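Participant: Structure file protein.cif (mmCIF, C-alpha atoms) right here:
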```
data_target
loop_
_atom_site.label_atom_id
_atom_site.label_comp_id
_atom_site.auth_asym_id
_atom_site.auth_seq_id
_atom_site.Cartn_x
_atom_site.Cartn_y
_atom_site.Cartn_z
CA MET M 4 83.34 127.10 99.15
CA THR M 5 81.22 130.06 100.11
CA GLY M 6 78.30 129.31 102.33
CA ALA M 7 79.15 125.63 102.66
CA VAL M 8 80.45 125.64 106.21
CA GLY M 9 77.80 125.16 108.87
CA ARG M 10 77.61 124.09 112.49
CA VAL M 11 79.36 120.97 113.64
CA GLY M 12 76.19 119.31 114.82
CA PRO M 13 74.18 118.68 117.93
CA PRO M 14 75.75 117.44 121.16
CA THR M 15 75.75 113.68 121.33
CA GLY M 16 75.56 111.05 123.99
CA LYS M 17 77.56 107.88 124.42
CA ARG M 18 76.95 104.56 122.71
CA PRO M 19 78.98 101.43 122.07
CA PRO M 20 81.15 101.88 118.98
CA SER M 21 79.88 100.20 115.82
CA ALA M 22 81.90 97.75 113.75
CA ALA M 23 82.69 100.58 111.37
CA ALA M 24 84.06 102.70 114.18
CA ARG M 25 87.38 100.98 114.85
CA ARG M 26 88.84 100.26 118.29
CA ASP M 27 90.33 103.31 119.92
CA PRO M 28 93.70 103.00 121.64
CA ALA M 29 94.58 106.68 121.51
CA GLY M 30 93.22 107.52 124.90
CA ALA M 31 95.85 105.29 126.50
CA SER M 32 98.67 106.11 124.13
CA ALA M 33 100.07 108.88 126.31
CA ALA M 34 100.80 106.28 128.98
CA VAL M 35 102.72 103.97 126.67
CA PRO M 36 106.48 104.31 127.26
CA PRO M 37 108.48 105.72 124.35
CA VAL M 38 110.08 103.28 121.96
CA ARG M 39 113.81 103.08 122.53
CA PRO M 40 115.06 100.95 119.65
CA THR M 41 118.46 99.37 119.45
CA ALA M 42 120.31 98.19 116.38
CA SER M 43 119.35 94.56 116.91
CA ALA M 44 116.33 94.63 119.19
CA GLY M 45 113.72 94.99 116.46
CA ALA M 46 114.86 92.13 114.25
CA ALA M 47 115.33 89.78 117.22
CA ALA M 48 111.94 90.52 118.74
CA THR M 49 109.68 89.94 115.75
CA ALA M 50 109.53 86.15 115.57
CA ASP M 51 106.67 85.87 118.07
CA ARG M 52 104.59 88.77 116.76
CA ALA M 53 101.08 88.21 115.43
CA GLY M 54 101.43 89.93 112.05
CA GLY M 55 102.80 86.86 110.30
CA ASP M 56 99.62 84.76 110.50
CA LEU M 57 97.15 87.59 109.84
CA ALA M 58 96.86 86.66 106.15
CA ARG M 59 95.51 83.22 107.10
CA ARG M 60 93.23 84.23 109.93
CA ALA M 61 89.64 83.78 108.75
CA THR M 62 88.24 86.15 111.39
CA ALA M 63 90.50 89.08 110.45
CA ASP M 64 89.33 92.09 108.48
CA PRO M 65 89.70 91.32 104.74
CA LEU M 66 91.77 94.46 104.11
CA PHE M 67 94.33 93.53 106.75
CA ARG M 68 94.48 89.92 105.58
CA LEU M 69 95.06 91.20 102.05
CA VAL M 70 97.84 93.58 103.11
CA ALA M 71 99.60 90.87 105.11
CA TYR M 72 99.34 88.43 102.22
CA ALA M 73 100.47 91.05 99.69
CA LEU M 74 103.66 91.80 101.62
CA GLU M 75 104.46 88.10 101.80
CA ALA M 76 103.71 87.63 98.09
CA ALA M 77 105.75 90.67 97.05
CA HIS M 78 108.74 90.22 99.34
CA GLY M 79 108.80 86.54 100.25
CA ARG M 80 108.33 86.90 104.00
CA PRO M 81 105.39 87.51 106.36
CA PRO M 82 104.91 90.84 108.12
CA ALA M 83 106.04 91.33 111.68
CA ALA M 84 103.21 93.82 112.21
CA VAL M 85 100.19 95.28 110.43
CA TRP M 86 98.86 98.70 111.42
CA SER M 87 95.67 100.40 110.33
CA ALA M 88 95.20 104.16 110.23
CA PRO M 89 91.87 105.91 109.63
CA TYR M 90 91.23 108.56 107.04
CA ALA M 91 90.59 111.90 108.75
CA PHE M 92 88.76 115.16 108.16
CA HIS M 93 88.31 118.67 109.47
CA LEU M 94 84.99 119.73 110.97
CA GLY M 95 83.10 122.88 110.16
CA SER M 96 84.27 124.54 113.37
CA PRO M 97 87.90 125.76 113.37
CA GLY M 98 90.46 123.58 115.15
CA LEU M 99 88.42 120.38 115.21
CA VAL M 100 89.36 117.17 113.43
CA ALA M 101 88.05 113.61 113.54
CA ALA M 102 88.73 110.20 112.07
CA ALA M 103 86.55 108.30 109.63
CA GLY M 104 85.75 104.60 109.89
CA TRP M 105 87.66 103.75 106.71
CA PRO M 106 91.28 102.58 107.10
CA THR M 107 94.60 102.57 105.34
CA ALA M 108 96.86 99.66 106.27
CA ALA M 109 100.62 99.12 106.32
CA ALA M 110 102.39 95.78 106.76
CA ALA M 111 106.08 95.77 107.66
CA ALA M 112 108.95 93.40 108.32
CA PRO M 113 112.41 94.51 109.49
CA ARG M 114 115.63 94.11 107.52
CA THR M 115 119.28 94.45 108.50
CA ASP M 116 120.93 95.13 105.11
CA GLY M 117 120.00 98.82 104.69
CA LEU M 118 117.45 98.15 101.94
CA VAL M 119 113.81 99.19 101.79
CA ARG M 120 111.41 97.27 99.55
CA LEU M 121 108.14 99.09 98.91
CA SER M 122 104.96 97.77 97.32
CA SER M 123 101.27 98.65 97.06
CA LEU M 124 98.29 96.96 95.46
CA GLY M 125 97.29 100.42 94.29
CA HIS M 126 100.47 100.50 92.19
CA PRO M 127 101.08 96.85 91.29
CA ALA M 128 103.66 97.59 88.58
CA ASP M 129 105.59 100.13 90.65
CA GLY M 130 107.14 98.21 93.52
CA CYS M 131 110.73 99.20 94.20
CA ASP M 132 113.87 98.24 96.10
CA LEU M 133 115.80 101.27 97.37
CA PRO M 134 118.89 101.85 99.51
CA LEU M 135 118.01 103.59 102.77
CA THR M 136 120.29 106.62 102.72
CA LEU M 137 120.18 109.07 105.61
CA SER M 138 121.43 112.14 103.74
CA GLY M 139 121.74 113.56 100.26
CA PRO M 140 119.14 113.40 97.50
CA PRO M 141 116.74 110.46 97.75
CA PRO M 142 117.14 107.71 95.16
CA ALA M 143 114.92 107.67 92.09
CA ALA M 144 111.58 106.05 92.93
CA PRO M 145 108.02 105.78 91.56
CA ALA M 146 105.93 108.82 92.44
CA TRP M 147 103.73 106.94 94.90
CA ALA M 148 106.77 105.74 96.89
CA ALA M 149 108.33 109.18 97.46
CA ARG M 150 106.38 110.00 100.63
CA PRO M 151 106.73 106.55 102.26
CA TYR M 152 110.46 106.71 101.55
CA ALA M 153 110.65 110.17 103.16
CA VAL M 154 108.96 108.72 106.25
CA LEU M 155 111.37 105.77 106.34
CA ARG M 156 114.36 108.07 106.03
CA ALA M 157 113.14 110.36 108.83
CA LEU M 158 112.52 107.37 111.09
CA ALA M 159 115.95 105.92 110.35
CA ARG M 160 117.62 109.21 111.25
CA ALA M 161 115.78 109.05 114.58
CA GLY M 162 116.89 105.48 115.24
CA PHE M 163 113.87 103.58 113.93
CA GLY M 164 114.78 101.03 111.31
CA ALA M 165 118.12 102.13 109.91
CA GLY M 166 118.64 98.50 108.91
CA GLY M 167 115.84 98.67 106.36
CA THR M 168 112.25 97.47 106.02
CA ASP M 169 109.97 95.50 103.73
CA LEU M 170 106.75 97.51 103.49
CA HIS M 171 103.35 97.15 101.84
CA VAL M 172 100.74 99.92 101.95
CA GLN M 173 97.10 99.80 100.87
CA GLY M 174 94.10 102.06 101.42
CA SER M 175 90.40 101.26 101.42
CA LEU M 176 89.63 104.51 99.53
CA THR M 177 91.19 106.31 96.60
CA GLY M 178 91.63 110.03 96.06
CA ALA M 179 88.34 110.02 94.13
CA ALA M 180 86.49 109.67 97.44
CA GLY M 181 87.58 113.17 98.38
CA LEU M 182 89.37 112.45 101.67
CA ALA M 183 93.09 113.05 102.05
CA THR M 184 95.02 109.83 101.38
CA ALA M 185 98.60 110.90 102.19
CA GLU M 186 98.30 111.54 105.93
CA PRO M 187 96.75 108.19 106.96
CA ALA M 188 99.29 106.33 104.82
CA GLU M 189 102.17 108.27 106.39
CA CYS M 190 100.93 107.50 109.89
CA ALA M 191 100.36 103.81 109.13
CA VAL M 192 103.89 103.53 107.70
CA ALA M 193 105.47 105.35 110.65
CA LEU M 194 103.65 103.23 113.23
CA ALA M 195 104.36 99.92 111.49
CA VAL M 196 108.05 100.65 110.93
CA ALA M 197 108.62 101.99 114.44
CA ASP M 198 106.82 98.95 115.83
CA VAL M 199 108.79 96.26 114.00
CA HIS M 200 112.13 97.86 114.84
CA ALA M 201 111.32 98.20 118.54
CA GLY M 202 112.11 95.88 121.39
CA ALA M 203 109.62 93.26 122.56
CA GLY M 204 106.67 94.74 124.42
CA GLN M 205 107.33 98.31 123.28
CA ARG M 206 104.92 100.36 121.22
CA PRO M 207 105.56 103.50 119.18
CA ASP M 208 105.48 106.90 120.86
CA ARG M 209 102.75 108.61 118.83
CA GLU M 210 103.65 112.11 119.92
CA ARG M 211 107.22 111.64 118.80
CA LEU M 212 106.10 110.17 115.48
CA ALA M 213 103.77 113.14 114.91
CA ARG M 214 106.74 115.48 115.28
CA LEU M 215 108.91 113.37 112.97
CA LEU M 216 106.23 113.34 110.29
CA ALA M 217 105.71 117.09 110.54
CA GLY M 218 109.43 117.64 110.01
CA ALA M 219 109.85 115.09 107.21
CA LEU M 220 106.76 116.15 105.23
CA PRO M 221 105.97 119.76 106.11
CA ASP M 222 103.59 120.11 103.16
CA GLY M 223 101.18 117.64 104.79
CA ASP M 224 98.22 118.45 107.01
CA ASP M 225 99.44 118.08 110.58
CA GLY M 226 95.91 118.40 111.95
CA LEU M 227 94.80 115.38 109.96
CA ARG M 228 97.84 113.43 111.11
CA ARG M 229 96.96 114.16 114.73
CA ALA M 230 93.42 112.95 114.10
CA VAL M 231 94.82 109.73 112.64
CA LEU M 232 97.10 109.21 115.63
CA PHE M 233 94.92 110.41 118.51
CA ALA M 234 91.24 110.28 117.49
CA ARG M 235 88.53 108.74 119.63
CA SER M 236 85.37 107.06 118.45
CA GLY M 237 82.40 109.43 118.67
CA ARG M 238 84.67 112.39 119.48
CA ALA M 239 86.34 115.26 117.66
CA LEU M 240 89.89 116.23 118.60
CA LEU M 241 90.47 119.85 119.50
CA LEU M 242 93.80 120.93 118.01
CA SER M 243 96.12 122.90 120.24
CA ALA M 244 98.81 125.41 119.41
CA GLU M 245 100.95 123.44 121.89
CA PRO M 246 101.01 119.87 120.50
CA ARG M 247 102.50 118.37 123.67
CA ARG M 248 99.50 119.39 125.76
CA ARG M 249 97.11 116.66 126.81
CA GLN M 250 94.64 115.81 124.03
CA ARG M 251 91.24 117.50 124.35
CA TYR M 252 88.05 116.16 122.81
CA VAL M 253 84.46 117.23 122.23
CA ALA M 254 81.47 114.98 121.57
CA PHE M 255 80.76 114.42 117.88
CA ASP M 256 78.73 111.29 117.19
CA PRO M 257 76.01 111.98 114.61
CA ALA M 258 74.60 108.45 114.76
CA ALA M 259 73.98 108.72 118.50
CA SER M 260 71.72 111.73 117.95
CA GLY M 261 69.75 110.33 115.02
CA ALA M 262 71.85 112.03 112.36
CA ARG M 263 74.09 110.81 109.56
CA LEU M 264 77.39 112.12 108.26
CA VAL M 265 77.82 111.60 104.53
CA LEU M 266 80.71 112.47 102.24
CA VAL M 267 79.54 113.72 98.85
CA ALA M 268 82.27 113.62 96.19
CA VAL M 269 81.69 115.11 92.74
CA ARG M 270 83.20 113.79 89.55
CA GLY M 271 84.45 115.49 86.43
CA GLU M 272 87.04 118.12 85.61
CA ALA M 273 88.86 119.86 88.48
CA ALA M 274 87.88 123.31 87.21
CA ASP M 275 84.18 122.41 87.50
CA ARG M 276 84.30 120.93 91.00
CA PRO M 277 83.82 124.08 93.13
CA ARG M 278 80.68 124.98 91.21
CA GLU M 279 79.37 121.42 91.26
CA LEU M 280 80.05 121.06 94.98
CA ALA M 281 78.16 124.27 95.70
CA ARG M 282 75.27 122.93 93.63
CA ALA M 283 75.30 119.61 95.53
CA VAL M 284 75.25 121.46 98.87
CA ALA M 285 72.32 123.63 97.78
CA CYS M 286 70.33 120.56 96.72
CA ALA M 287 71.15 118.77 99.97
CA ARG M 288 70.06 121.74 102.08
CA ARG M 289 66.74 122.04 100.24
CA ALA M 290 66.16 118.32 100.89
CA GLY M 291 66.80 118.65 104.64
CA ALA M 292 70.57 118.64 105.30
CA LEU M 293 71.53 120.44 108.50
CA SER M 294 75.02 121.64 107.58
CA ALA M 295 77.88 121.04 105.16
CA TRP M 296 81.61 121.76 105.10
CA PRO M 297 84.74 120.71 103.19
CA PRO M 298 86.78 117.93 104.83
CA GLY M 299 90.15 119.57 104.08
CA GLN M 300 91.84 122.87 104.75
CA GLY M 301 90.95 124.37 101.38
CA ARG M 302 94.53 124.73 100.17
CA GLU M 303 93.37 123.68 96.71
CA PRO M 304 89.94 123.12 95.15
CA GLY M 305 88.37 120.07 96.73
CA ARG M 306 86.21 117.41 95.23
CA SER M 307 84.05 116.57 98.24
CA VAL M 308 81.92 117.99 101.01
CA LEU M 309 80.73 116.51 104.30
CA VAL M 310 77.00 116.75 104.86
CA LEU M 311 75.28 116.34 108.22
CA LEU M 312 71.61 115.40 107.95
CA PRO M 313 68.80 113.77 109.92
CA GLU M 314 68.85 110.02 109.40
CA ALA M 315 65.25 110.14 108.20
CA ARG M 316 66.26 112.48 105.35
CA LEU M 317 69.17 110.40 104.04
CA ALA M 318 67.29 108.85 101.12
CA ALA M 319 65.62 112.17 100.23
CA VAL M 320 68.90 114.07 100.19
CA ARG M 321 70.67 111.47 98.06
CA ALA M 322 67.75 111.37 95.64
CA ALA M 323 67.58 115.16 95.34
CA VAL M 324 71.29 115.53 94.60
CA ALA M 325 71.31 112.62 92.15
CA GLU M 326 68.25 113.91 90.31
CA ASP M 327 69.71 117.38 89.88
CA PHE M 328 72.97 116.03 88.44
CA ARG M 329 71.22 113.55 86.14
CA ASP M 330 68.85 116.21 84.84
CA ARG M 331 71.85 118.35 83.85
CA GLY M 332 73.67 115.45 82.23
CA ARG M 333 76.38 115.50 84.89
CA PRO M 334 77.93 112.43 86.58
CA VAL M 335 76.06 111.67 89.80
CA PRO M 336 78.27 112.35 92.86
CA ARG M 337 79.54 109.52 95.03
CA PHE M 338 78.02 109.16 98.50
CA LEU M 339 80.03 107.64 101.34
CA ASN M 340 78.71 107.08 104.86
CA ILE M 341 81.16 108.24 107.54
CA ALA M 342 81.38 106.84 111.07
CA VAL M 343 83.39 108.89 113.57
CA ALA M 344 86.09 106.40 114.43
CA GLY M 345 89.07 105.86 116.72
CA ALA M 346 92.78 106.25 116.09
CA ALA M 347 95.34 104.12 114.30
CA ARG M 348 95.92 100.72 115.87
CA ARG M 349 97.97 97.56 115.54
CA GLU M 350 96.02 94.71 113.97
CA GLU M 351 96.46 91.58 116.09
#
```
Turn this file's structure into structure tokens for me.
Facilitator:
Amino acid sequence: MTGAVGRVGPPTGKRPPSAAARRDPAGASAAVPPVRPTASAGAAATADRAGGDLARRATADPLFRLVAYALEAAHGRPPAAVWSAPYAFHLGSPGLVAAAGWPTAAAAAPRTDGLVRLSSLGHPADGCDLPLTLSGPPPAAPAWAARPYAVLRALARAGFGAGGTDLHVQGSLTGAAGLATAEPAECAVALAVADVHAGAGQRPDRERLARLLAGALPDGDDGLRRAVLFARSGRALLLSAEPRRRQRYVAFDPAASGARLVLVAVRGEAADRPRELARAVACARRAGALSAWPPGQGREPGRSVLVLLPEARLAAVRAAVAEDFRDRGRPVPRFLNIAVAGAARREE
């Protein structure tokens, strides 16, 4: 989108993370020992895990309670673990990615019979039971289940969960919001499955999982996956050409500097979206926006743009964009506030 990419934003200071900016375990993940699963360790170690009672815990996040309950309702057994993974986005400056304070969740329970049972509230009529084969063509499956199955197969080849898994996946956003949905779901699935098939006290090796995902689904956005796995609240992750190098971060916390980050997603036909996005950016800039950029890599026409603006101009920018679209008889774009959040985590 020509002219849409601007500066990343002003340097920011530190502040306590908000409720929307999820807890951040990624900074310590490099110190966690790699998971070394055995054929029986995962199934034997899950009885005392906290995932099973999450559906009935009144203080838990409603999304995670729902995912835990949905797995039990669909497959007749509680989850051994529930993991959340944030949606992620690229910044206007090359090589920078960050996580958004909106999660996808995956609930998992281990099996020992070589079967995977997949379900999602987003596809209530398309749950499926599939044999977990390690080679050859994958079995026929609903379209939504193809990528989770590819993740399960790659993990099984690497020793994570060859016995099978019951899995339920659910996001807090749909593709209409304009953020990539595949990468956070893939990371949530990989973390949950690796977790429930590991020995007691072991946690998934995120670096290894990042490499497995890149190999299993090379058409995905590896930069977004790394943001999902390694992001920090109020920070942007600087991507490296050498993935095994220590993670590097730069400050990016709009709220701490009196700014807001808003995702603007247009509606309508795909062919019209580039023009409509450019129009939305122009309106936002006239109303006081500081910069704007697409959240993805631009491999195909997007439907959204991230807009950085002074907090005091939030209402004016939204009103200006909405008025322009209404006056032209076009559907008013969706506006979504974005907090710069931390990485994927296990929900206890």
Participant: Residues proximal to (102.2, 100.9, 92.3) were defined as those with any atom within 12 Å of that point in the file's coordinates, counting all atoms listed in the file. Which are they, as a list in words?
Facilitator: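 The residues near that point, listed by chain and number, are Ala77, Leu121, Ser122, Ser123, Leu124, Gly125, His126, Pro127, Ala128, Asp129, Gly130, Cys131, Ala144, Pro145, Ala146, Trp147, Ala148, Ala149, His171, Val172 and Gln173 of chain M.
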Participant: From the set M:Ala259, M:Leu241, M:Val231, M:Ala179, which residue has the shortest atom-to-atom contact distance to Leu339 in chain M, counting all atoms listed in the file?
Facilitator: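 So, comparing all the options, the nearest one is M:Ala179.
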Participant: Pull the neighbourhood of (89.2, 120.2, 91.4) for me: all residues within 9 Å in file coordinates, counting all atoms listed in the file, as a short mmCIF file (atom, residue, chain, number, x, y, z; two decimals) with C-alpha atoms, in the frame of the given file.
Facilitator:
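Listed below is the output, point-v2.cif:
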```cif
data_model
loop_
_atom_site.label_atom_id
_atom_site.label_comp_id
_atom_site.auth_asym_id
_atom_site.auth_seq_id
_atom_site.Cartn_x
_atom_site.Cartn_y
_atom_site.Cartn_z
CA ARG M 270 83.20 113.79 89.55
CA GLY M 271 84.45 115.49 86.43
CA GLU M 272 87.04 118.12 85.61
CA ALA M 273 88.86 119.86 88.48
CA ALA M 274 87.88 123.31 87.21
CA ASP M 275 84.18 122.41 87.50
CA ARG M 276 84.30 120.93 91.00
CA PRO M 277 83.82 124.08 93.13
CA GLU M 303 93.37 123.68 96.71
CA PRO M 304 89.94 123.12 95.15
CA GLY M 305 88.37 120.07 96.73
CA ARG M 306 86.21 117.41 95.23
#
```
Participant: Can you give me, as a list in words, the residues this file yields under the PyMOL selection byres ((chain M and resi 141) around 12)?
Facilitator: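 Output from the PyMOL selection byres ((chain M and resi 141) around 12), applied to this file: Leu133, Pro134, Leu135, Thr136, Leu137, Ser138, Gly139, Pro140, Pro142, Ala143, Ala144, Pro145, Ala148, Ala149, Arg150, Pro151, Tyr152, Ala153, Val154, Leu155, Arg156 and Ala157 of chain M.
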Participant: Quick one: residues within 8 Å of range 193-197 of chain M, all atoms listed in the file, excluding same-chain residues fewer than 6 positions away - as number ranges by chain?
Facilitator: M: 38, 84-86, 109-113, 154-155, 158, 163-164, 168, 206-207, 209, 212, 349
Participant: Keeping only C-alpha atoms, write the selected residues to a file as a compact mmCIF listing (two decimals), in the coordinates of the input.
Facilitator:
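Produced file again-v7.txt, reproduced below:
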```txt
# COMPACT_ATOMS: atom_id res chain seq x y z
CA VAL M 38 110.08 103.28 121.96
CA ALA M 84 103.21 93.82 112.21
CA VAL M 85 100.19 95.28 110.43
CA TRP M 86 98.86 98.70 111.42
CA ALA M 109 100.62 99.12 106.32
CA ALA M 110 102.39 95.78 106.76
CA ALA M 111 106.08 95.77 107.66
CA ALA M 112 108.95 93.40 108.32
CA PRO M 113 112.41 94.51 109.49
CA VAL M 154 108.96 108.72 106.25
CA LEU M 155 111.37 105.77 106.34
CA LEU M 158 112.52 107.37 111.09
CA PHE M 163 113.87 103.58 113.93
CA GLY M 164 114.78 101.03 111.31
CA THR M 168 112.25 97.47 106.02
CA ARG M 206 104.92 100.36 121.22
CA PRO M 207 105.56 103.50 119.18
CA ARG M 209 102.75 108.61 118.83
CA LEU M 212 106.10 110.17 115.48
CA ARG M 349 97.97 97.56 115.54
```
Participant: If the PyMOL selection byres ((chain M and resi 176) around 12) is run on the structure shown, which residues does it catch, given as an NGL selection string?
Facilitator: :M and (66 or 89-91 or 103-108 or 125 or 173-175 or 177-185 or 187-188 or 339)
Participant: Using only C-alpha atoms, can you tell me which of M:Ala83, M:Ala344, M:Ala322, M:Ala201 comes closest to Gly291 in chain M?
Facilitator: M:Ala322
